[in-house]
file structure_32.txt (compact mmCIF, N, CA and C atoms)
# COMPACT_ATOMS: atom_id res chain seq x y z
N GLN A 1 135.09 15.89 -1.64
CA GLN A 1 136.52 16.05 -1.91
C GLN A 1 136.71 16.93 -3.14
N VAL A 2 137.48 17.99 -2.96
CA VAL A 2 137.73 18.91 -4.06
C VAL A 2 138.74 18.28 -5.02
N GLN A 3 138.38 18.23 -6.28
CA GLN A 3 139.27 17.65 -7.29
C GLN A 3 139.26 18.51 -8.54
N PHE A 4 140.38 18.45 -9.26
CA PHE A 4 140.54 19.16 -10.52
C PHE A 4 141.08 18.19 -11.55
N ARG A 5 140.64 18.36 -12.79
CA ARG A 5 141.23 17.60 -13.88
C ARG A 5 141.55 18.58 -15.01
N GLU A 6 142.84 18.86 -15.16
CA GLU A 6 143.31 19.80 -16.17
C GLU A 6 143.68 19.06 -17.44
N SER A 7 143.48 19.71 -18.57
CA SER A 7 143.86 19.13 -19.84
C SER A 7 144.05 20.25 -20.86
N GLY A 8 144.62 19.90 -22.00
CA GLY A 8 144.73 20.84 -23.09
C GLY A 8 146.10 21.39 -23.36
N GLY A 9 147.06 21.10 -22.49
CA GLY A 9 148.41 21.58 -22.74
C GLY A 9 149.07 20.84 -23.88
N GLY A 10 150.24 21.32 -24.28
CA GLY A 10 150.97 20.66 -25.35
C GLY A 10 152.03 21.56 -25.94
N LEU A 11 152.55 21.12 -27.07
CA LEU A 11 153.57 21.87 -27.80
C LEU A 11 152.91 22.60 -28.96
N VAL A 12 153.18 23.88 -29.08
CA VAL A 12 152.58 24.68 -30.15
C VAL A 12 153.62 25.67 -30.67
N GLN A 13 153.51 26.03 -31.92
CA GLN A 13 154.43 27.01 -32.50
C GLN A 13 154.03 28.42 -32.08
N PRO A 14 154.98 29.34 -32.09
CA PRO A 14 154.62 30.74 -31.80
C PRO A 14 153.51 31.22 -32.73
N GLY A 15 152.57 31.95 -32.16
CA GLY A 15 151.41 32.40 -32.91
C GLY A 15 150.24 31.44 -32.88
N GLY A 16 150.46 30.25 -32.37
CA GLY A 16 149.41 29.25 -32.32
C GLY A 16 148.47 29.42 -31.14
N SER A 17 147.55 28.48 -31.00
CA SER A 17 146.52 28.55 -29.96
C SER A 17 146.40 27.22 -29.23
N LEU A 18 145.99 27.32 -27.99
CA LEU A 18 145.63 26.17 -27.18
C LEU A 18 144.45 26.55 -26.30
N ARG A 19 143.65 25.57 -25.93
CA ARG A 19 142.59 25.80 -24.95
C ARG A 19 142.80 24.85 -23.78
N LEU A 20 143.02 25.41 -22.62
CA LEU A 20 143.15 24.62 -21.40
C LEU A 20 141.78 24.45 -20.76
N SER A 21 141.56 23.26 -20.21
CA SER A 21 140.31 22.98 -19.50
C SER A 21 140.63 22.58 -18.07
N CYS A 22 139.76 22.97 -17.17
CA CYS A 22 139.89 22.60 -15.76
C CYS A 22 138.52 22.13 -15.30
N GLU A 23 138.35 20.81 -15.25
CA GLU A 23 137.09 20.24 -14.79
C GLU A 23 137.18 20.03 -13.29
N VAL A 24 136.19 20.54 -12.58
CA VAL A 24 136.24 20.48 -11.11
C VAL A 24 135.12 19.61 -10.58
N SER A 25 135.31 19.12 -9.36
CA SER A 25 134.28 18.37 -8.66
C SER A 25 134.45 18.57 -7.17
N GLY A 26 133.39 18.30 -6.43
CA GLY A 26 133.45 18.40 -4.98
C GLY A 26 133.01 19.74 -4.42
N PHE A 27 132.63 20.68 -5.28
CA PHE A 27 132.13 21.97 -4.81
C PHE A 27 131.30 22.61 -5.92
N THR A 28 130.55 23.64 -5.55
CA THR A 28 129.73 24.36 -6.52
C THR A 28 130.58 25.42 -7.20
N LEU A 29 130.77 25.26 -8.50
CA LEU A 29 131.76 26.05 -9.22
C LEU A 29 131.55 27.55 -9.09
N ASP A 30 130.35 28.03 -9.26
CA ASP A 30 130.16 29.49 -9.32
C ASP A 30 130.12 30.15 -7.95
N ARG A 31 130.34 29.41 -6.89
CA ARG A 31 130.44 30.03 -5.57
C ARG A 31 131.86 30.45 -5.24
N TYR A 32 132.80 30.01 -6.06
CA TYR A 32 134.21 30.30 -5.82
C TYR A 32 134.83 30.94 -7.06
N ALA A 33 135.87 31.73 -6.83
CA ALA A 33 136.66 32.20 -7.96
C ALA A 33 137.62 31.08 -8.37
N ILE A 34 137.88 31.03 -9.67
CA ILE A 34 138.87 30.10 -10.22
C ILE A 34 139.92 30.92 -10.96
N ALA A 35 141.15 30.62 -10.71
CA ALA A 35 142.25 31.32 -11.38
C ALA A 35 143.15 30.34 -12.09
N TRP A 36 143.76 30.83 -13.14
CA TRP A 36 144.83 30.09 -13.81
C TRP A 36 146.16 30.75 -13.41
N PHE A 37 147.08 29.90 -12.99
CA PHE A 37 148.43 30.34 -12.67
C PHE A 37 149.39 29.64 -13.62
N ARG A 38 150.60 30.16 -13.69
CA ARG A 38 151.64 29.47 -14.46
C ARG A 38 152.97 29.63 -13.74
N GLN A 39 153.81 28.64 -13.98
CA GLN A 39 155.15 28.68 -13.41
C GLN A 39 156.14 28.17 -14.42
N ALA A 40 157.06 29.04 -14.78
CA ALA A 40 158.14 28.68 -15.70
C ALA A 40 159.35 28.26 -14.88
N PRO A 41 160.26 27.48 -15.46
CA PRO A 41 161.45 27.04 -14.72
C PRO A 41 162.24 28.22 -14.16
N GLY A 42 162.54 28.16 -12.88
CA GLY A 42 163.33 29.21 -12.25
C GLY A 42 162.57 30.47 -11.92
N LYS A 43 161.27 30.46 -12.14
CA LYS A 43 160.46 31.66 -11.87
C LYS A 43 159.39 31.36 -10.85
N GLU A 44 158.89 32.42 -10.24
CA GLU A 44 157.81 32.26 -9.28
C GLU A 44 156.49 31.99 -10.00
N ARG A 45 155.60 31.34 -9.27
CA ARG A 45 154.28 31.10 -9.81
C ARG A 45 153.53 32.44 -9.89
N GLU A 46 152.89 32.68 -11.03
CA GLU A 46 152.16 33.94 -11.19
C GLU A 46 150.73 33.68 -11.63
N GLY A 47 149.84 34.51 -11.12
CA GLY A 47 148.46 34.44 -11.54
C GLY A 47 148.31 35.07 -12.91
N VAL A 48 147.67 34.36 -13.82
CA VAL A 48 147.53 34.81 -15.20
C VAL A 48 146.15 35.40 -15.45
N SER A 49 145.14 34.71 -14.95
CA SER A 49 143.77 35.14 -15.20
C SER A 49 142.88 34.58 -14.11
N CYS A 50 141.77 35.26 -13.88
CA CYS A 50 140.88 34.86 -12.78
C CYS A 50 139.45 35.20 -13.16
N ILE A 51 138.53 34.34 -12.75
CA ILE A 51 137.11 34.62 -12.95
C ILE A 51 136.44 34.58 -11.58
N SER A 52 135.80 35.68 -11.25
CA SER A 52 135.22 35.81 -9.92
C SER A 52 133.97 34.95 -9.77
N SER A 53 133.68 34.60 -8.54
CA SER A 53 132.42 33.90 -8.26
C SER A 53 131.26 34.88 -8.43
N SER A 54 130.08 34.35 -8.51
CA SER A 54 128.81 35.09 -8.66
C SER A 54 128.77 35.97 -9.90
N ASN A 55 129.48 37.14 -9.90
CA ASN A 55 129.29 38.06 -11.03
C ASN A 55 130.18 37.72 -12.22
N GLY A 56 131.09 36.80 -12.06
CA GLY A 56 131.89 36.35 -13.20
C GLY A 56 132.85 37.37 -13.77
N VAL A 57 133.23 38.38 -12.98
CA VAL A 57 134.20 39.37 -13.45
C VAL A 57 135.52 38.66 -13.76
N LYS A 58 136.12 39.04 -14.89
CA LYS A 58 137.34 38.39 -15.36
C LYS A 58 138.51 39.37 -15.30
N THR A 59 139.65 38.87 -14.89
CA THR A 59 140.84 39.70 -14.85
C THR A 59 141.99 38.98 -15.53
N TYR A 60 142.94 39.78 -16.03
CA TYR A 60 144.10 39.25 -16.74
C TYR A 60 145.33 40.09 -16.39
N ILE A 61 146.49 39.43 -16.38
CA ILE A 61 147.71 40.21 -16.27
C ILE A 61 147.99 40.85 -17.63
N ASP A 62 148.75 41.94 -17.60
CA ASP A 62 148.94 42.74 -18.81
C ASP A 62 149.56 41.92 -19.95
N SER A 63 150.45 41.02 -19.63
CA SER A 63 151.17 40.30 -20.68
C SER A 63 150.28 39.35 -21.49
N VAL A 64 149.10 39.02 -21.00
CA VAL A 64 148.22 38.11 -21.74
C VAL A 64 146.92 38.78 -22.17
N LYS A 65 146.72 40.01 -21.74
CA LYS A 65 145.47 40.70 -22.06
C LYS A 65 145.32 40.84 -23.58
N GLY A 66 144.15 40.51 -24.08
CA GLY A 66 143.90 40.55 -25.52
C GLY A 66 144.26 39.27 -26.24
N ARG A 67 144.98 38.38 -25.56
CA ARG A 67 145.36 37.11 -26.18
C ARG A 67 144.69 35.92 -25.49
N PHE A 68 144.51 36.00 -24.18
CA PHE A 68 143.91 34.91 -23.40
C PHE A 68 142.49 35.29 -23.01
N THR A 69 141.63 34.29 -22.95
CA THR A 69 140.26 34.49 -22.50
C THR A 69 139.88 33.38 -21.53
N ILE A 70 139.42 33.78 -20.34
CA ILE A 70 138.95 32.81 -19.36
C ILE A 70 137.43 32.74 -19.44
N SER A 71 136.89 31.55 -19.27
CA SER A 71 135.44 31.38 -19.29
C SER A 71 135.04 30.23 -18.38
N ARG A 72 133.77 30.16 -18.08
CA ARG A 72 133.29 29.15 -17.13
C ARG A 72 131.98 28.58 -17.65
N ASP A 73 131.85 27.26 -17.61
CA ASP A 73 130.61 26.57 -17.97
C ASP A 73 130.14 25.84 -16.72
N ASN A 74 129.19 26.44 -16.02
CA ASN A 74 128.74 25.86 -14.76
C ASN A 74 128.08 24.49 -14.97
N ALA A 75 127.39 24.31 -16.09
CA ALA A 75 126.72 23.03 -16.35
C ALA A 75 127.72 21.89 -16.51
N LYS A 76 128.91 22.22 -17.01
CA LYS A 76 129.95 21.21 -17.20
C LYS A 76 130.99 21.24 -16.08
N ASN A 77 130.80 22.10 -15.10
CA ASN A 77 131.76 22.23 -13.99
C ASN A 77 133.18 22.43 -14.51
N THR A 78 133.31 23.26 -15.51
CA THR A 78 134.61 23.42 -16.18
C THR A 78 134.93 24.90 -16.40
N VAL A 79 136.17 25.23 -16.18
CA VAL A 79 136.71 26.55 -16.50
C VAL A 79 137.74 26.37 -17.61
N TYR A 80 137.71 27.30 -18.55
CA TYR A 80 138.59 27.22 -19.71
C TYR A 80 139.54 28.42 -19.74
N LEU A 81 140.67 28.21 -20.39
CA LEU A 81 141.58 29.31 -20.71
C LEU A 81 141.94 29.16 -22.18
N GLN A 82 141.34 30.02 -23.00
CA GLN A 82 141.66 30.05 -24.42
C GLN A 82 142.88 30.93 -24.61
N MET A 83 143.92 30.37 -25.20
CA MET A 83 145.18 31.09 -25.36
C MET A 83 145.49 31.21 -26.85
N ASN A 84 145.50 32.43 -27.33
CA ASN A 84 145.79 32.71 -28.74
C ASN A 84 147.08 33.50 -28.86
N SER A 85 147.62 33.55 -30.06
CA SER A 85 148.85 34.30 -30.34
C SER A 85 149.93 33.97 -29.31
N LEU A 86 150.14 32.71 -29.08
CA LEU A 86 151.08 32.28 -28.06
C LEU A 86 152.50 32.68 -28.41
N LYS A 87 153.25 32.99 -27.35
CA LYS A 87 154.64 33.42 -27.48
C LYS A 87 155.53 32.46 -26.70
N PRO A 88 156.80 32.39 -27.04
CA PRO A 88 157.71 31.51 -26.28
C PRO A 88 157.70 31.82 -24.78
N GLU A 89 157.53 33.07 -24.42
CA GLU A 89 157.51 33.42 -22.99
C GLU A 89 156.26 32.95 -22.26
N ASP A 90 155.30 32.39 -22.98
CA ASP A 90 154.13 31.78 -22.33
C ASP A 90 154.42 30.35 -21.88
N THR A 91 155.57 29.83 -22.25
CA THR A 91 155.93 28.47 -21.87
C THR A 91 156.00 28.34 -20.36
N ALA A 92 155.27 27.37 -19.81
CA ALA A 92 155.20 27.18 -18.37
C ALA A 92 154.29 25.99 -18.08
N VAL A 93 154.28 25.58 -16.83
CA VAL A 93 153.24 24.67 -16.35
C VAL A 93 152.08 25.54 -15.88
N TYR A 94 150.90 25.24 -16.38
CA TYR A 94 149.71 26.01 -16.04
C TYR A 94 148.85 25.22 -15.05
N TYR A 95 148.39 25.92 -14.02
CA TYR A 95 147.58 25.32 -12.97
C TYR A 95 146.26 26.08 -12.84
N CYS A 96 145.21 25.35 -12.57
CA CYS A 96 143.98 26.02 -12.14
C CYS A 96 143.87 25.85 -10.63
N ALA A 97 143.21 26.80 -10.01
CA ALA A 97 143.10 26.79 -8.56
C ALA A 97 141.82 27.46 -8.12
N ARG A 98 141.35 27.06 -6.96
CA ARG A 98 140.10 27.59 -6.40
C ARG A 98 140.40 28.53 -5.24
N SER A 99 139.63 29.61 -5.17
CA SER A 99 139.79 30.54 -4.06
C SER A 99 139.46 29.86 -2.72
N ASN A 100 140.08 30.37 -1.67
CA ASN A 100 139.83 29.80 -0.35
C ASN A 100 138.46 30.15 0.19
N TRP A 101 137.85 31.22 -0.37
CA TRP A 101 136.60 31.72 0.16
C TRP A 101 135.56 31.80 -0.94
N THR A 102 134.31 31.65 -0.56
CA THR A 102 133.23 31.87 -1.51
C THR A 102 133.09 33.37 -1.76
N MET A 103 132.44 33.72 -2.84
CA MET A 103 132.15 35.12 -3.20
C MET A 103 133.45 35.93 -3.32
N TYR A 104 134.50 35.32 -3.75
CA TYR A 104 135.81 35.98 -3.89
C TYR A 104 135.83 36.80 -5.17
N GLN A 105 136.32 38.04 -5.03
CA GLN A 105 136.45 38.93 -6.19
C GLN A 105 137.90 38.96 -6.63
N CYS A 106 138.12 38.64 -7.89
CA CYS A 106 139.48 38.57 -8.41
C CYS A 106 140.09 39.94 -8.56
N GLY A 107 141.38 40.04 -8.23
CA GLY A 107 142.17 41.19 -8.60
C GLY A 107 142.91 40.89 -9.88
N ARG A 108 143.63 41.88 -10.42
CA ARG A 108 144.31 41.67 -11.69
C ARG A 108 145.42 40.65 -11.57
N ARG A 109 146.08 40.60 -10.44
CA ARG A 109 147.14 39.62 -10.21
C ARG A 109 146.75 38.77 -9.00
N PRO A 110 145.98 37.70 -9.20
CA PRO A 110 145.53 36.91 -8.05
C PRO A 110 146.71 36.34 -7.27
N PRO A 111 146.76 36.56 -5.98
CA PRO A 111 147.88 36.06 -5.17
C PRO A 111 147.72 34.58 -4.86
N PRO A 112 148.75 33.80 -5.09
CA PRO A 112 148.64 32.35 -4.83
C PRO A 112 148.15 31.99 -3.43
N PRO A 113 148.51 32.70 -2.36
CA PRO A 113 148.01 32.30 -1.03
C PRO A 113 146.50 32.38 -0.88
N ASP A 114 145.83 33.13 -1.76
CA ASP A 114 144.37 33.22 -1.68
C ASP A 114 143.69 31.99 -2.29
N PHE A 115 144.49 31.11 -2.86
CA PHE A 115 143.95 29.93 -3.56
C PHE A 115 144.56 28.68 -2.93
N GLY A 116 143.75 27.89 -2.26
CA GLY A 116 144.26 26.78 -1.48
C GLY A 116 144.07 25.42 -2.10
N SER A 117 143.32 25.33 -3.18
CA SER A 117 143.08 24.04 -3.83
C SER A 117 143.56 24.14 -5.26
N TRP A 118 144.44 23.21 -5.66
CA TRP A 118 145.15 23.31 -6.92
C TRP A 118 145.02 22.03 -7.74
N GLY A 119 145.04 22.22 -9.07
CA GLY A 119 145.15 21.09 -9.96
C GLY A 119 146.59 20.62 -10.07
N GLN A 120 146.81 19.58 -10.87
CA GLN A 120 148.14 18.98 -10.98
C GLN A 120 149.02 19.69 -11.98
N GLY A 121 148.44 20.54 -12.80
CA GLY A 121 149.21 21.30 -13.79
C GLY A 121 149.24 20.62 -15.14
N THR A 122 149.37 21.45 -16.17
CA THR A 122 149.50 20.95 -17.54
C THR A 122 150.57 21.79 -18.24
N GLN A 123 151.47 21.12 -18.93
CA GLN A 123 152.61 21.79 -19.55
C GLN A 123 152.19 22.44 -20.86
N VAL A 124 152.57 23.70 -21.02
CA VAL A 124 152.41 24.42 -22.28
C VAL A 124 153.80 24.82 -22.75
N THR A 125 154.14 24.41 -23.95
CA THR A 125 155.44 24.74 -24.54
C THR A 125 155.22 25.42 -25.88
N VAL A 126 155.76 26.63 -26.00
CA VAL A 126 155.63 27.39 -27.24
C VAL A 126 157.01 27.49 -27.86
N SER A 127 157.18 26.81 -28.96
CA SER A 127 158.51 26.73 -29.56
C SER A 127 158.39 26.38 -31.03
N SER A 128 159.33 26.90 -31.83
CA SER A 128 159.36 26.54 -33.24
C SER A 128 160.32 25.39 -33.48
call {"tool": "encode", "arguments": {"input": "structure_32.txt", "output": "structure tokens"}}
result
Amino acid sequence: QVQFRESGGGLVQPGGSLRLSCEVSGFTLDRYAIAWFRQAPGKEREGVSCISSSNGVKTYIDSVKGRFTISRDNAKNTVYLQMNSLKPEDTAVYYCARSNWTMYQCGRRPPPPDFGSWGQGTQVTVSS
């Protein structure tokens, strides 16, 4: 059974940092791509960052490039999203998700339909 356990969200001031964790079980982590998505109130869910299976290529949307870093620890079955220099517009519920296929190569904007298994989400609020 595919399962996710997300953690690390919270309230932070602009310019602050958070690290999100996505612990997975029920599958071999490095055979699938894992992406982080976010959804703000009234907005569509968007792919923020993705780490490809096998070669570990990482992609980011332009608005977070240079501020967010995705990483994967296969021994801990965990994917992380380090978020620095946070801005109010980063406020959203953040989800991790697994690609539907093994050996998936991430594009810069991972499309939600390509990811069929999702975590429950963790709230990130950036506010002074």
call {"tool": "residues_around", "arguments": {"input": "structure_32.txt", "residues": "A:Ser54", "least_positions_apart": "6", "cutoff": "8 Å", "atoms": "all atoms listed in the file", "output": "PDB file with N, CA and C atoms, in the coordinates of the input"}}
result
ATOM      1  N   LEU A  29     130.770  25.260  -8.500  1.00  0.00           N
ATOM      2  CA  LEU A  29     131.760  26.050  -9.220  1.00  0.00           C
ATOM      3  C   LEU A  29     131.550  27.550  -9.090  1.00  0.00           C
ATOM      4  N   ASP A  30     130.350  28.030  -9.260  1.00  0.00           N
ATOM      5  CA  ASP A  30     130.160  29.490  -9.320  1.00  0.00           C
ATOM      6  C   ASP A  30     130.120  30.150  -7.950  1.00  0.00           C
ATOM      7  N   ARG A  31     130.340  29.410  -6.890  1.00  0.00           N
ATOM      8  CA  ARG A  31     130.440  30.030  -5.570  1.00  0.00           C
ATOM      9  C   ARG A  31     131.860  30.450  -5.240  1.00  0.00           C
ATOM     10  N   TYR A  32     132.800  30.010  -6.060  1.00  0.00           N
ATOM     11  CA  TYR A  32     134.210  30.300  -5.820  1.00  0.00           C
ATOM     12  C   TYR A  32     134.830  30.940  -7.060  1.00  0.00           C
ATOM     13  N   ALA A  33     135.870  31.730  -6.830  1.00  0.00           N
ATOM     14  CA  ALA A  33     136.660  32.200  -7.960  1.00  0.00           C
ATOM     15  C   ALA A  33     137.620  31.080  -8.370  1.00  0.00           C
ATOM     16  N   THR A 102     134.310  31.650  -0.560  1.00  0.00           N
ATOM     17  CA  THR A 102     133.230  31.870  -1.510  1.00  0.00           C
ATOM     18  C   THR A 102     133.090  33.370  -1.760  1.00  0.00           C
ATOM     19  N   MET A 103     132.440  33.720  -2.840  1.00  0.00           N
ATOM     20  CA  MET A 103     132.150  35.120  -3.200  1.00  0.00           C
ATOM     21  C   MET A 103     133.450  35.930  -3.320  1.00  0.00           C
ATOM     22  N   TYR A 104     134.500  35.320  -3.750  1.00  0.00           N
ATOM     23  CA  TYR A 104     135.810  35.980  -3.890  1.00  0.00           C
ATOM     24  C   TYR A 104     135.830  36.800  -5.170  1.00  0.00           C
TER      25      TYR A 104
END
call {"tool": "closest_atom_pairs", "arguments": {"input": "structure_32.txt", "of": "stretch 78-108 of chain A", "to": "stretch 55-68 of chain A", "cutoff": "6.5 Å", "atoms": "all atoms listed in the file", "output": "tab-separated table"}}
result
residue	atom	partner	partner_atom	distance
A:Leu81	C	A:Phe68	CA	6.2
A:Gln82	C	A:Phe68	CA	4.3
A:Met83	CA	A:Phe68	CA	4.5
A:Asn84	N	A:Arg67	C	4.0
A:Ser85	N	A:Arg67	CA	5.7
A:Cys106	C	A:Thr59	CA	6.3
A:Gly107	C	A:Thr59	CA	5.5
A:Arg108	C	A:Tyr60	C	4.9
call {"tool": "select_by_dssp", "arguments": {"input": "structure_32.txt", "residues": "chain A", "states": "helix (DSSP H, G or I)", "output": "VMD selection string"}}
result
chain A and resid 29 to 31 74 to 76 88 to 90 112 to 114
call {"tool": "closest_residue", "arguments": {"input": "structure_32.txt", "among": "A:Ser128, A:Ser17, A:Gln123, A:Ser99", "to": "A:Ala35", "atoms": "only C-alpha atoms"}}
result
A:Ser99
call {"tool": "atom_distance", "arguments": {"input": "structure_32.txt", "atom1": "atom CA of A:Thr69", "atom2": "atom CA of A:Ser49"}}
result
8.1 Å
call {"tool": "atom_distance", "arguments": {"input": "structure_32.txt", "atom1": "atom N of A:Glu46", "atom2": "atom N of A:Thr28"}}
result
24.7 Å
call {"tool": "residues_around", "arguments": {"input": "structure_32.txt", "residues": "A:Ser25", "least_positions_apart": "4", "cutoff": "6 Å", "atoms": "all atoms listed in the file", "output": "ChimeraX atom specification"}}
result
/A:1-4
call {"tool": "residues_around", "arguments": {"input": "structure_32.txt", "residues": "A:Tyr94", "least_positions_apart": "2", "cutoff": "6 Å", "atoms": "all atoms listed in the file", "output": "PyMOL selection string"}}
result
chain A and resi 37-39+92+96+121-124
call {"tool": "residues_around", "arguments": {"input": "structure_32.txt", "residues": "A:Gly8", "least_positions_apart": "5", "cutoff": "7 Å", "atoms": "only C-alpha atoms", "output": "number ranges by chain"}}
result
A: 18-21
call {"tool": "closest_residue", "arguments": {"input": "structure_32.txt", "among": "A:Pro112, A:Gly26, A:Gly119, A:Pro14", "to": "A:Asn77", "atoms": "only C-alpha atoms"}}
result
A:Gly26
call {"tool": "closest_residue", "arguments": {"input": "structure_32.txt", "among": "A:Val126, A:Ile34, A:Asn74, A:Pro88", "to": "A:Asp114", "atoms": "only C-alpha atoms"}}
result
A:Ile34
call {"tool": "atom_distance", "arguments": {"input": "structure_32.txt", "atom1": "atom CA of A:Trp118", "atom2": "atom CA of A:Leu86"}}
result
23.7 Å
call {"tool": "select_by_dssp", "arguments": {"input": "structure_32.txt", "residues": "stretch 2-128 of chain A", "states": "strand (DSSP E)", "output": "number ranges by chain"}}
result
A: 3-7, 10-12, 18-25, 32-39, 46-51, 58-60, 68-73, 78-83, 92-102, 115-118, 122-126
call {"tool": "closest_residue", "arguments": {"input": "structure_32.txt", "among": "A:Asn100, A:Val79, A:Ser52, A:Ile70", "to": "A:Pro113", "atoms": "all atoms listed in the file"}}
result
A:Asn100
call {"tool": "closest_residue", "arguments": {"input": "structure_32.txt", "among": "A:Ala40, A:Ala75, A:Val93, A:Ile51", "to": "A:Gln105", "atoms": "only N, CA and C atoms"}}
result
A:Ile51
call {"tool": "residues_around", "arguments": {"input": "structure_32.txt", "residues": "A:Thr78", "least_positions_apart": "4", "cutoff": "6 Å", "atoms": "all atoms listed in the file", "output": "PyMOL selection string"}}
result
chain A and resi 22-24+71-74
call {"tool": "write_last_selection", "arguments": {"input": "structure_32.txt", "atoms": "N, CA and C atoms", "output": "CSV table (one decimal), in the coordinates of the input"}}
result
chain,number,residue,atom,x,y,z
A,22,CYS,N,139.8,23.0,-17.2
A,22,CYS,CA,139.9,22.6,-15.8
A,22,CYS,C,138.5,22.1,-15.3
A,23,GLU,N,138.4,20.8,-15.2
A,23,GLU,CA,137.1,20.2,-14.8
A,23,GLU,C,137.2,20.0,-13.3
A,24,VAL,N,136.2,20.5,-12.6
A,24,VAL,CA,136.2,20.5,-11.1
A,24,VAL,C,135.1,19.6,-10.6
A,71,SER,N,136.9,31.6,-19.3
A,71,SER,CA,135.4,31.4,-19.3
A,71,SER,C,135.0,30.2,-18.4
A,72,ARG,N,133.8,30.2,-18.1
A,72,ARG,CA,133.3,29.2,-17.1
A,72,ARG,C,132.0,28.6,-17.6
A,73,ASP,N,131.8,27.3,-17.6
A,73,ASP,CA,130.6,26.6,-18.0
A,73,ASP,C,130.1,25.8,-16.7
A,74,ASN,N,129.2,26.4,-16.0
A,74,ASN,CA,128.7,25.9,-14.8
A,74,ASN,C,128.1,24.5,-15.0
call {"tool": "closest_residue", "arguments": {"input": "structure_32.txt", "among": "A:Arg98, A:Lys87, A:Arg5, A:Lys43", "to": "A:Gln120", "atoms": "only C-alpha atoms"}}
result
A:Arg5
